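Everything below belongs to run_37.cif, which stores mmCIF, C-alpha atoms and all ligand atoms.
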data_final
#
loop_
_atom_site.label_atom_id
_atom_site.label_comp_id
_atom_site.auth_asym_id
_atom_site.auth_seq_id
_atom_site.Cartn_x
_atom_site.Cartn_y
_atom_site.Cartn_z
CA MET A 52 108.38 33.17 144.84
CA SER A 53 106.64 34.76 147.82
CA THR A 54 106.55 38.54 148.09
CA GLU A 55 104.39 38.51 151.20
CA ARG A 56 106.68 40.61 153.41
CA SER A 57 107.35 43.16 150.65
CA GLU A 58 103.59 43.46 150.14
CA ARG A 59 103.05 43.95 153.86
CA PHE A 60 105.77 46.63 154.10
CA PHE A 61 104.35 48.36 151.05
CA GLN A 62 100.86 48.45 152.59
CA GLU A 63 102.23 49.93 155.78
CA ALA A 64 104.50 52.36 153.94
CA GLN A 65 101.55 53.86 152.10
CA ASN A 66 100.18 55.15 155.40
CA TYR A 67 103.28 57.18 156.11
CA ILE A 68 105.15 57.82 152.85
CA PRO A 69 103.46 59.27 149.74
CA GLY A 70 102.86 56.29 147.46
CA GLY A 71 104.78 54.15 149.93
CA VAL A 72 108.17 55.08 148.46
CA ASN A 73 110.77 57.80 148.63
CA SER A 74 111.21 58.04 144.86
CA PRO A 75 108.37 57.36 142.41
CA VAL A 76 109.89 54.81 140.00
CA ARG A 77 110.51 52.35 142.81
CA ALA A 78 106.78 52.08 143.50
CA PHE A 79 106.70 49.64 140.53
CA GLN A 80 103.52 51.43 139.41
CA SER A 81 104.40 51.38 135.74
CA ILE A 82 104.80 47.59 135.75
CA GLY A 83 101.82 47.11 138.06
CA SER A 84 103.45 44.96 140.70
CA VAL A 85 104.78 45.07 144.22
CA PRO A 86 108.03 46.89 145.01
CA ARG A 87 110.61 44.54 146.42
CA PHE A 88 111.83 45.70 149.82
CA ILE A 89 115.55 45.00 149.89
CA ARG A 90 117.28 43.69 152.97
CA SER A 91 120.87 43.37 151.76
CA ALA A 92 123.14 43.30 148.74
CA ASP A 93 126.52 41.86 147.94
CA GLY A 94 128.42 41.74 144.65
CA ALA A 95 125.93 41.48 141.79
CA ARG A 96 123.11 40.19 143.96
CA MET A 97 120.42 41.58 146.25
CA ILE A 98 118.15 39.80 148.73
CA ASP A 99 114.66 41.05 149.52
CA GLU A 100 112.72 40.87 152.77
CA ASP A 101 111.13 37.57 151.71
CA GLY A 102 114.56 36.04 151.21
CA ASN A 103 114.37 36.08 147.38
CA GLU A 104 117.69 36.57 145.63
CA TYR A 105 118.06 38.72 142.52
CA ILE A 106 120.85 39.49 140.09
CA ASP A 107 120.75 43.26 140.27
CA TYR A 108 120.69 45.31 137.06
CA VAL A 109 119.85 48.60 138.75
CA CYS A 110 123.00 48.85 140.86
CA SER A 111 121.48 51.71 142.85
CA TRP A 112 120.93 53.45 139.49
CA GLY A 113 124.61 53.41 138.69
CA PRO A 114 127.00 53.91 141.58
CA MET A 115 127.62 50.22 142.29
CA ILE A 116 129.99 49.97 139.36
CA LEU A 117 132.23 47.61 141.37
CA GLY A 118 129.29 45.67 142.79
CA HIS A 119 127.54 45.96 146.14
CA ASN A 120 129.36 45.97 149.45
CA TYR A 121 132.80 46.27 147.88
CA PRO A 122 135.22 45.57 150.77
CA ALA A 123 137.62 48.52 150.31
CA ILE A 124 134.71 50.97 150.02
CA ARG A 125 132.91 49.54 153.04
CA GLU A 126 136.11 49.72 155.08
CA SER A 127 136.74 53.33 154.11
CA VAL A 128 133.21 54.23 155.23
CA VAL A 129 133.66 52.47 158.58
CA GLU A 130 137.01 54.15 159.10
CA ALA A 131 135.66 57.61 158.26
CA ALA A 132 132.54 57.08 160.39
CA SER A 133 134.71 56.14 163.36
CA ARG A 134 136.01 59.74 163.30
CA GLY A 135 132.55 61.35 163.30
CA LEU A 136 129.76 61.57 160.76
CA SER A 137 129.64 65.23 159.82
CA TYR A 138 131.47 68.38 160.85
CA GLY A 139 130.03 71.08 158.61
CA ALA A 140 133.63 72.17 158.15
CA ALA A 141 136.45 71.79 155.65
CA THR A 142 138.31 68.45 155.54
CA GLU A 143 141.39 66.99 153.88
CA ILE A 144 139.43 64.25 152.12
CA GLU A 145 137.30 66.74 150.18
CA VAL A 146 140.45 68.38 148.80
CA ARG A 147 141.80 65.01 147.72
CA MET A 148 138.46 64.16 146.16
CA ALA A 149 138.26 67.44 144.22
CA LYS A 150 141.83 67.00 142.98
CA LEU A 151 141.11 63.42 141.91
CA ILE A 152 138.04 64.45 139.92
CA CYS A 153 140.01 67.25 138.22
CA GLU A 154 142.75 64.75 137.34
CA MET A 155 140.34 62.16 135.98
CA VAL A 156 138.15 64.52 133.95
CA PRO A 157 140.30 67.03 132.05
CA SER A 158 137.46 69.51 131.35
CA ILE A 159 137.09 70.02 135.10
CA GLU A 160 139.41 72.59 136.60
CA MET A 161 137.37 73.27 139.73
CA VAL A 162 134.59 71.29 141.33
CA ARG A 163 132.03 71.87 144.08
CA MET A 164 130.47 69.02 146.06
CA VAL A 165 126.75 68.88 146.70
CA ASN A 166 124.41 66.12 147.86
CA SER A 167 122.59 64.87 144.79
CA GLY A 168 122.45 65.10 141.02
CA THR A 169 119.40 67.36 141.29
CA GLU A 170 121.38 69.84 143.37
CA ALA A 171 124.39 69.59 141.06
CA VAL A 172 122.32 70.49 138.00
CA MET A 173 120.41 73.26 139.75
CA SER A 174 123.71 74.80 140.86
CA ALA A 175 125.47 74.37 137.50
CA ILE A 176 122.64 76.20 135.80
CA ARG A 177 122.81 79.02 138.31
CA ALA A 178 126.56 79.25 137.67
CA ALA A 179 125.99 79.32 133.91
CA ARG A 180 123.43 82.10 134.28
CA GLY A 181 125.67 84.05 136.63
CA PHE A 182 128.63 83.70 134.29
CA THR A 183 126.85 84.62 131.05
CA GLY A 184 124.37 87.11 132.48
CA ARG A 185 121.67 85.31 130.45
CA ASP A 186 118.52 83.62 131.71
CA LYS A 187 117.38 81.01 129.21
CA ILE A 188 118.49 77.40 129.07
CA VAL A 189 117.93 74.68 126.48
CA LYS A 190 117.13 71.12 127.57
CA PHE A 191 116.11 68.09 125.53
CA ASN A 192 112.78 66.30 125.60
CA GLY A 193 113.17 63.06 127.50
CA CYS A 194 116.38 64.08 129.27
CA TYR A 195 116.04 64.07 133.04
CA HIS A 196 118.10 66.43 135.15
CA GLY A 197 116.61 65.88 138.59
CA HIS A 198 113.52 67.42 140.09
CA SER A 199 114.30 71.13 140.43
CA ASP A 200 111.48 73.39 139.20
CA GLY A 201 113.07 74.74 136.06
CA LEU A 202 114.00 71.32 134.71
CA LEU A 203 110.72 69.46 135.09
CA VAL A 204 109.78 70.21 131.52
CA LYS A 205 109.30 67.25 129.15
CA ALA A 206 111.50 65.34 131.55
CA GLY A 207 112.41 61.67 131.39
CA SER A 208 112.56 59.00 134.11
CA GLY A 209 109.51 58.71 136.39
CA VAL A 210 107.94 61.78 134.77
CA MET A 211 107.51 59.75 131.57
CA THR A 212 105.22 57.27 133.29
CA ALA A 213 103.54 59.64 135.76
CA GLY A 214 100.71 60.40 133.36
CA VAL A 215 101.52 64.11 133.09
CA PRO A 216 104.28 65.49 130.86
CA ASP A 217 105.39 68.07 133.40
CA SER A 218 105.00 68.34 137.15
CA SER A 219 102.17 70.08 138.92
CA GLY A 220 103.30 72.55 141.59
CA VAL A 221 105.87 74.24 139.36
CA PRO A 222 104.93 77.89 138.79
CA ALA A 223 104.89 78.90 135.13
CA GLY A 224 107.46 81.57 135.95
CA CYS A 225 109.97 78.89 136.94
CA THR A 226 109.92 77.22 133.53
CA ARG A 227 109.50 80.37 131.43
CA ASP A 228 113.20 80.34 130.64
CA THR A 229 113.45 76.62 129.91
CA LEU A 230 113.42 75.98 126.16
CA THR A 231 113.11 72.44 124.85
CA ALA A 232 114.63 70.81 121.80
CA ASP A 233 114.60 67.27 120.41
CA TYR A 234 117.44 64.91 121.26
CA ASN A 235 119.62 64.12 118.23
CA ASP A 236 118.06 67.01 116.32
CA LEU A 237 120.53 69.86 115.90
CA ASP A 238 118.08 71.82 113.77
CA SER A 239 115.69 72.08 116.70
CA VAL A 240 118.51 73.65 118.73
CA LYS A 241 119.46 76.01 115.90
CA GLU A 242 115.86 77.22 115.74
CA LEU A 243 115.94 78.09 119.42
CA PHE A 244 119.21 79.98 118.99
CA GLN A 245 117.74 81.86 116.02
CA ARG A 246 114.74 82.88 118.05
CA TRP A 247 116.46 83.59 121.37
CA GLY A 248 119.95 84.61 120.18
CA GLY A 249 122.01 86.23 122.92
CA GLN A 250 119.65 85.10 125.67
CA ILE A 251 120.62 81.45 126.12
CA ALA A 252 122.97 80.86 129.03
CA ALA A 253 123.47 77.15 128.47
CA VAL A 254 122.49 73.99 126.68
CA ILE A 255 122.21 71.06 129.09
CA VAL A 256 122.22 67.51 127.78
CA GLU A 257 122.66 63.94 128.96
CA PRO A 258 125.45 62.94 126.54
CA VAL A 259 123.74 59.54 126.48
CA GLY A 260 120.02 59.86 127.13
CA ALA A 261 119.66 57.44 130.04
CA ASN A 262 116.32 58.45 131.51
CA MET A 263 114.12 57.66 128.50
CA GLY A 264 115.54 54.19 128.38
CA VAL A 265 118.99 54.41 126.78
CA VAL A 266 119.29 56.66 123.73
CA LEU A 267 122.63 57.15 122.06
CA PRO A 268 123.83 60.43 120.59
CA GLU A 269 124.01 60.17 116.81
CA GLU A 270 127.28 61.03 115.15
CA GLY A 271 127.73 64.78 115.03
CA PHE A 272 125.09 65.57 117.65
CA LEU A 273 127.37 66.32 120.61
CA PRO A 274 130.09 68.05 118.52
CA GLY A 275 127.28 70.02 116.86
CA LEU A 276 126.07 71.23 120.25
CA ARG A 277 129.63 72.21 121.15
CA LYS A 278 129.95 74.23 117.95
CA LEU A 279 126.58 75.95 118.36
CA CYS A 280 127.34 76.91 121.96
CA ASP A 281 130.72 78.33 120.94
CA GLU A 282 129.19 80.36 118.12
CA GLN A 283 126.46 81.70 120.39
CA GLY A 284 128.51 82.37 123.54
CA SER A 285 126.46 79.84 125.50
CA LEU A 286 127.84 77.20 127.83
CA LEU A 287 127.55 73.49 127.19
CA ILE A 288 126.64 71.44 130.27
CA PHE A 289 126.95 67.66 130.23
CA ASP A 290 124.77 65.96 132.80
CA GLU A 291 126.93 62.92 133.55
CA VAL A 292 124.93 61.69 136.54
CA ILE A 293 124.56 58.35 134.77
CA THR A 294 127.51 58.27 132.36
CA GLY A 295 130.23 59.87 134.54
CA PHE A 296 132.95 57.40 135.61
CA ARG A 297 130.82 54.65 134.02
CA LEU A 298 131.47 54.70 130.29
CA GLN A 299 135.13 55.27 131.06
CA ALA A 300 137.20 57.16 133.66
CA ASP A 301 136.50 60.51 131.99
CA GLY A 302 132.88 59.67 131.30
CA ALA A 303 130.87 60.26 128.16
CA GLN A 304 132.86 63.38 127.36
CA GLY A 305 135.98 61.26 127.01
CA TYR A 306 134.11 58.47 125.25
CA PHE A 307 132.66 60.79 122.60
CA GLY A 308 135.54 63.27 122.60
CA VAL A 309 133.52 66.41 123.31
CA ARG A 310 134.58 68.82 126.05
CA PRO A 311 131.75 70.56 127.91
CA ASP A 312 132.15 73.78 129.86
CA LEU A 313 130.44 72.36 132.94
CA THR A 314 129.70 68.80 134.06
CA THR A 315 127.31 67.49 136.67
CA PHE A 316 127.75 64.25 138.58
CA GLY A 317 125.55 62.40 141.03
CA LYS A 318 125.43 59.17 142.95
CA ILE A 319 128.36 57.43 141.30
CA ILE A 320 130.91 59.72 142.92
CA GLY A 321 129.61 58.66 146.34
CA ALA A 322 129.85 54.93 145.60
CA GLY A 323 126.41 54.57 147.18
CA MET A 324 126.51 57.46 149.64
CA PRO A 325 124.41 60.56 148.84
CA VAL A 326 126.64 62.88 146.78
CA GLY A 327 126.63 65.06 143.72
CA ALA A 328 129.09 67.54 142.24
CA TYR A 329 129.39 70.12 139.52
CA GLY A 330 132.56 71.41 137.98
CA GLY A 331 134.24 72.71 134.89
CA ARG A 332 136.12 75.70 133.55
CA ARG A 333 137.94 77.71 136.18
CA ASP A 334 136.60 81.03 134.93
CA VAL A 335 133.01 79.75 135.09
CA MET A 336 133.39 78.06 138.49
CA SER A 337 134.96 81.26 139.84
CA VAL A 338 131.52 82.86 139.93
CA ILE A 339 130.59 80.57 142.84
CA SER A 340 130.40 82.09 146.33
CA PRO A 341 132.56 82.93 148.30
CA LEU A 342 134.78 83.57 145.27
CA GLY A 343 132.02 85.12 143.19
CA ALA A 344 128.45 86.33 143.44
CA VAL A 345 126.54 83.11 142.65
CA TYR A 346 125.33 81.69 145.96
CA GLN A 347 125.27 77.95 146.67
CA ALA A 348 125.84 76.22 149.99
CA GLY A 349 125.19 73.07 152.06
CA THR A 350 126.08 71.65 155.47
CA LEU A 351 126.39 68.09 154.21
CA SER A 352 128.27 69.06 151.05
CA GLY A 353 131.59 67.23 151.06
CA ASN A 354 130.42 65.04 153.95
CA PRO A 355 133.50 63.13 155.18
CA VAL A 356 131.89 59.67 155.11
CA ALA A 357 130.50 60.16 151.61
CA MET A 358 133.84 61.57 150.44
CA ALA A 359 135.69 58.56 151.85
CA ALA A 360 133.43 56.14 149.96
CA GLY A 361 133.60 58.10 146.70
CA TYR A 362 137.32 58.73 146.92
CA THR A 363 138.03 55.03 147.42
CA GLN A 364 135.90 54.01 144.44
CA LEU A 365 137.25 56.69 142.09
CA THR A 366 140.83 55.94 143.11
CA LEU A 367 140.31 52.26 142.30
CA LEU A 368 138.82 53.17 138.93
CA LYS A 369 141.69 55.52 138.18
CA GLU A 370 144.30 52.94 139.14
CA HIS A 371 142.67 50.20 137.07
CA PRO A 372 141.79 51.60 133.66
CA GLU A 373 141.66 48.00 132.38
CA TRP A 374 138.55 47.42 134.52
CA TYR A 375 136.51 49.49 132.09
CA ARG A 376 137.50 47.20 129.24
CA GLU A 377 136.55 44.16 131.32
CA LEU A 378 133.26 45.73 132.41
CA ASN A 379 132.30 46.69 128.89
CA GLU A 380 133.27 43.26 127.56
CA ARG A 381 131.12 41.54 130.18
CA ALA A 382 128.19 43.84 129.49
CA GLY A 383 128.80 43.30 125.77
CA ARG A 384 128.48 39.52 126.19
CA LEU A 385 125.19 39.98 127.99
CA PHE A 386 123.84 42.48 125.46
CA ASP A 387 124.95 40.36 122.49
CA GLY A 388 123.13 37.44 124.05
CA ILE A 389 119.93 39.44 124.53
CA ARG A 390 120.13 40.71 120.95
CA ARG A 391 120.53 37.16 119.67
CA ILE A 392 117.51 35.97 121.65
CA LEU A 393 115.36 38.89 120.47
CA GLN A 394 116.22 38.01 116.88
CA GLN A 395 115.79 34.28 117.32
CA TYR A 396 112.26 34.63 118.68
CA GLU A 397 111.40 37.50 116.34
CA VAL A 398 110.49 39.82 119.17
CA PRO A 399 109.51 43.30 117.93
CA ALA A 400 112.03 45.01 120.19
CA VAL A 401 115.30 46.89 119.96
CA LEU A 402 118.20 46.90 122.39
CA ASN A 403 120.12 50.16 122.76
CA THR A 404 123.48 49.83 124.48
CA VAL A 405 126.66 51.71 125.21
CA GLY A 406 129.37 50.32 127.49
CA SER A 407 127.68 48.85 130.55
CA LEU A 408 124.33 50.60 129.95
CA GLY A 409 121.48 49.08 128.01
CA CYS A 410 117.73 49.11 127.47
CA VAL A 411 115.32 46.77 125.70
CA PHE A 412 112.55 48.82 124.08
CA PHE A 413 109.45 46.91 123.05
CA THR A 414 109.08 48.60 119.69
CA PRO A 415 110.36 47.47 116.28
CA GLU A 416 111.47 51.01 115.38
CA ALA A 417 114.87 52.49 116.14
CA VAL A 418 114.75 54.58 119.32
CA THR A 419 116.62 57.82 118.83
CA ASP A 420 114.68 60.38 120.87
CA TYR A 421 111.73 61.00 123.19
CA THR A 422 109.10 60.50 120.47
CA THR A 423 110.44 57.14 119.34
CA ALA A 424 111.04 56.02 122.95
CA LYS A 425 107.42 56.80 123.78
CA LYS A 426 106.32 54.39 121.03
CA ALA A 427 107.56 51.47 123.12
CA ASP A 428 104.84 49.11 124.30
CA THR A 429 104.91 49.65 128.06
CA LYS A 430 102.50 46.75 128.66
CA ALA A 431 104.89 44.37 126.91
CA PHE A 432 107.71 45.79 129.01
CA ALA A 433 105.67 45.31 132.19
CA ALA A 434 105.02 41.64 131.39
CA TYR A 435 108.72 41.11 130.62
CA ALA A 436 109.93 42.90 133.75
CA ASN A 437 107.50 41.06 136.00
CA TYR A 438 108.65 37.71 134.63
CA LEU A 439 112.27 38.73 135.24
CA PHE A 440 111.50 39.78 138.81
CA SER A 441 109.73 36.55 139.58
CA HIS A 442 112.69 34.61 138.17
CA GLY A 443 115.44 36.33 140.14
CA LEU A 444 116.41 39.32 137.99
CA TYR A 445 116.06 42.83 139.39
CA VAL A 446 115.69 45.29 136.52
CA ALA A 447 114.50 48.88 136.42
CA PRO A 448 110.74 48.72 137.01
CA SER A 449 109.99 51.05 134.10
CA GLN A 450 110.51 51.00 130.34
CA PHE A 451 112.18 54.39 130.49
CA GLU A 452 115.23 53.60 132.61
CA ALA A 453 118.61 52.02 131.99
CA MET A 454 119.94 48.58 132.81
CA PHE A 455 123.30 48.79 134.64
CA VAL A 456 125.98 46.10 134.63
CA SER A 457 128.75 46.05 137.25
CA MET A 458 132.20 44.50 137.61
CA ALA A 459 130.60 41.92 139.90
CA HIS A 460 128.46 40.50 137.09
CA GLY A 461 130.49 37.48 136.04
CA GLU A 462 129.99 34.66 133.58
CA GLU A 463 127.56 32.90 135.92
CA GLU A 464 125.31 35.96 136.22
CA VAL A 465 125.37 36.55 132.47
CA GLU A 466 124.42 32.93 131.72
CA GLN A 467 121.68 32.86 134.35
CA THR A 468 120.24 36.13 133.03
CA LEU A 469 120.23 35.00 129.41
CA ALA A 470 118.55 31.72 130.35
CA VAL A 471 115.69 33.57 132.11
CA ILE A 472 115.23 36.06 129.27
CA GLU A 473 115.27 33.27 126.70
CA ARG A 474 112.68 31.23 128.61
CA TYR A 475 110.39 34.25 128.74
CA LEU A 476 110.74 35.33 125.13
CA LYS A 477 110.32 31.78 123.87
CA GLN A 478 106.94 31.31 125.56
CA ARG A 479 105.48 34.84 125.31
N1 LIG B 1 115.27 58.87 139.08
C1 LIG B 1 115.91 57.61 139.20
C2 LIG B 1 116.02 56.91 137.92
N2 LIG B 1 116.39 57.67 136.81
C3 LIG B 1 115.23 56.69 140.16
C4 LIG B 1 115.68 56.95 141.51
C5 LIG B 1 115.26 55.93 142.55
O1 LIG B 1 114.14 55.46 142.56
O2 LIG B 1 116.08 55.62 143.36
#
Can I see the file as structure tokens?
Ligand code: HOZ
Amino acid sequence: MSTERSERFFQEAQNYIPGGVNSPVRAFQSIGSVPRFIRSADGARMIDEDGNEYIDYVCSWGPMILGHNYPAIRESVVEAASRGLSYGAATEIEVRMAKLICEMVPSIEMVRMVNSGTEAVMSAIRAARGFTGRDKIVKFNGCYHGHSDGLLVKAGSGVMTAGVPDSSGVPAGCTRDTLTADYNDLDSVKELFQRWGGQIAAVIVEPVGANMGVVLPEEGFLPGLRKLCDEQGSLLIFDEVITGFRLQADGAQGYFGVRPDLTTFGKIIGAGMPVGAYGGRRDVMSVISPLGAVYQAGTLSGNPVAMAAGYTQLTLLKEHPEWYRELNERAGRLFDGIRRILQQYEVPAVLNTVGSLGCVFFTPEAVTDYTTAKKADTKAFAAYANYLFSHGLYVAPSQFEAMFVSMAHGEEEVEQTLAVIERYLKQR
């Protein structure tokens, strides 16, 4: 497989773009190979600039839940674009979109559109602070909530492979009010409440840790957070940038039966267009300007083209609840197959999965939090990922990311994927 054109683009890109990429993980640094420059995508497959075809398990980090280039979504974008790209003014479609989200996710009574998950989280935290009059927040080691200053503390995703635990360029004052606890460890949260009682505005959590690989909440963890927040008068924020509208129509909160006060969404609600949103209890959301005193704004927020794409995808998902069962069954067949192969060839690895999300960790130990995730052998992952890439599978180019399955991944894709993984693990 030639990667000559990707290599050439990457060389050139490094002259003009820091690290040659617009988001660190896609530099392929942590697997030590060349980023594939993608030319097009359709269904479950992507084609790179050298003409290589891949079955895609990144799915734009989640939003392509129906597969790439889904006709109804593409048509809605073309139709919306034919009426202008941006007005910086209110539109009908954003009202329909907000109503749809409120209908699909019962904990959300009001919702505000923004342009990315980072912005959604930053704004939700400001709302929580404005509402409670408290400054401190609790986040979990290994959870990633975007790249705003206050949240780049023991963060997951690219931060986990960047060689530094936190980002440079973030003034100490910006993270002074960020307290960190261990995922799946309620006692570590209780300790923070004991120490900082009455000062914690919110606890923010990825209900499934999906930026340190995939780490599932243990039984009692999410309900325990709910209970602690209620006892302490703090808000519970679910960051559903990855899990929202993916695990099921009402996201991880529906899947695990825990109702947060605020929820943040990202890319999935734009079906591939740049979008984010935060929403939740009416009384909390009422602090947002111009209704309340918490300021948050944006010209491209609720952009009509992005709204059209997102509205079409969410409507389809709402109208076809059976699709989630099909999606999870398909992903289940793939994950069962990988598990079987890992066992058969006695690979010291574990596979964490939930619904259509999964992650192979190259460690024999159960992965339940940041510490156990960090024990994974990243060199073994790099060798595995590079083999997959050179045999037509596009996976996240880092140990600490999720694998995403879409509705477009059929029997053929599952079989082809398992055959490649088996060939690799047999000969490694
Ligand atoms: N932060 C994203 C994964 N958790 C990666 C974004 C990208 O490279 O597009």
Please return as a PDB file with C-alpha atoms, in the coordinates of the input the residues found within 6 Å of ligand LIG 1 (chain B), counting only C-alpha atoms and all ligand atoms.
ATOM      1  CA  SER A  74     111.210  58.040 144.860  1.00  0.00           C
ATOM      2  CA  VAL A  76     109.890  54.810 140.000  1.00  0.00           C
ATOM      3  CA  ARG A  77     110.510  52.350 142.810  1.00  0.00           C
ATOM      4  CA  SER A 208     112.560  59.000 134.110  1.00  0.00           C
ATOM      5  CA  ASN A 262     116.320  58.450 131.510  1.00  0.00           C
ATOM      6  CA  GLU A 452     115.230  53.600 132.610  1.00  0.00           C
TER       7      GLU A 452
END
**Request:** Please identify all polymer residues within 12 Å of Ser441 of chain A, counting only C-alpha atoms, omitting same-chain residues fewer than 6 positions from it, and present them as a PyMOL selection string.
**Result:** chain A and resi 52-54+84-87+99+103-106+434-435+471-472+475
**Message:** What does the structure give for the distance between atom CA of Phe316 of chain A and atom CA of Lys425 of chain A, in Å to one decimal?
**Reply:** 26.2 Å
**Counting only C-alpha atoms, the option among A:Ala359, A:Leu151, A:Ala427, A:Val156 closest to Gly305 of chain A** = A:Val156
**Nearest to Pro258 of chain A, chosen from A:Lys278, A:His196, A:Lys318, A:Lys150, with all atoms listed in the file counted in the distances** = A:His196
**Shell of 12 Å around Gln304 of chain A, only C-alpha atoms, local chain residues under 5 positions omitted, as an MDAnalysis selection string** = chainID A and resid 155:159 256:259 268 273:274 277 287:291 294:299 309:315
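The space separating atom CA of Ala459 of chain A from atom CA of Leu117 of chain A comes to 6.1 Å.
Using only C-alpha atoms, the protein and nucleic acid residues lying no more than 8 Å from segment 238-242 of chain A, apart from those fewer than 4 places from it along its own chain, are Val189, Ala232, Asp233, Arg246 and Leu279 of chain A.
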**Prompt:** Excluding same-chain residues fewer than 6 positions from Cys280 of chain A, what lies within 9 Å of it counting only C-alpha atoms, as a ChimeraX atom specification?
**Reply:** /A:253-254,286-287
**Request:** Fewer than 4 positions away in the same chain doesn't count, so skip those; otherwise give me all residues within 10 Å of Ser111 of chain A, counting only C-alpha atoms, as JSON, numbers by chain.
**Result:** {"A": [107, 115, 116, 118, 119, 318, 319, 322, 323, 447, 455]}
**Message:** Would you compute the distance between atom CA of Met211 of chain A and atom CA of Gly168 of chain A? Give it in Å to one decimal.
**Reply:** 18.5 Å
Give as a compact mmCIF listing (two decimals) with C-alpha atoms, in the frame of the given file each residue that has an atom at most 12 Å from (102.7, 51.0, 137.8) in the file, counting only C-alpha atoms.
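Contents of out13.txt, freshly written:
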# COMPACT_ATOMS: atom_id res chain seq x y z
CA GLY A 70 102.86 56.29 147.46
CA PRO A 75 108.37 57.36 142.41
CA VAL A 76 109.89 54.81 140.00
CA ARG A 77 110.51 52.35 142.81
CA ALA A 78 106.78 52.08 143.50
CA PHE A 79 106.70 49.64 140.53
CA GLN A 80 103.52 51.43 139.41
CA SER A 81 104.40 51.38 135.74
CA ILE A 82 104.80 47.59 135.75
CA GLY A 83 101.82 47.11 138.06
CA SER A 84 103.45 44.96 140.70
CA VAL A 85 104.78 45.07 144.22
CA PRO A 86 108.03 46.89 145.01
CA GLY A 209 109.51 58.71 136.39
CA MET A 211 107.51 59.75 131.57
CA THR A 212 105.22 57.27 133.29
CA ALA A 213 103.54 59.64 135.76
CA GLY A 214 100.71 60.40 133.36
CA THR A 429 104.91 49.65 128.06
CA LYS A 430 102.50 46.75 128.66
CA PHE A 432 107.71 45.79 129.01
CA ALA A 433 105.67 45.31 132.19
CA ALA A 434 105.02 41.64 131.39
CA ALA A 436 109.93 42.90 133.75
CA ASN A 437 107.50 41.06 136.00
CA PRO A 448 110.74 48.72 137.01
CA SER A 449 109.99 51.05 134.10
CA GLN A 450 110.51 51.00 130.34
**Fill in**
Of A:Ile144, A:Cys153, A:Ile389, A:Leu230, the one sitting nearest Glu466 of chain A when using all atoms listed in the file is A:Ile389
**Request:** Select all residues near (141.4, 61.1, 145.1) (cut-off 7 Å, inclusive, file coordinates), counting all atoms listed in the file, and output them as a list in words.
**Result:** Arg147, Met148, Lys150, Leu151, Tyr362, Leu365 and Thr366 of chain A
Per residue of segment 160-220 of chain A within 8 Å of segment 332-346 of chain A, note the shortest atom pair and the distance in Å to one decimal, counting all atoms listed in the file, and order the rows by chain and increasing residue number, as a Markdown table.
| residue | atom | partner | partner_atom | distance |
| --- | --- | --- | --- | --- |
| A:Glu160 | CA | A:Arg333 | CA | 5.3 |
| A:Met161 | CA | A:Arg333 | CA | 5.7 |
| A:Val162 | CA | A:Met336 | CA | 7.4 |
| A:Arg177 | CA | A:Val345 | CA | 7.0 |
| A:Ala178 | CA | A:Val345 | CA | 6.3 |
| A:Ala179 | CA | A:Val335 | CA | 7.1 |
| A:Gly181 | CA | A:Val345 | CA | 6.2 |
| A:Phe182 | CA | A:Val335 | CA | 6.0 |
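With all atoms listed in the file as the basis for measurement, A:Asn354 is the residue among A:Pro325, A:Gly260, A:Asn354, A:Tyr445 that approaches Ala132 of chain A most closely.
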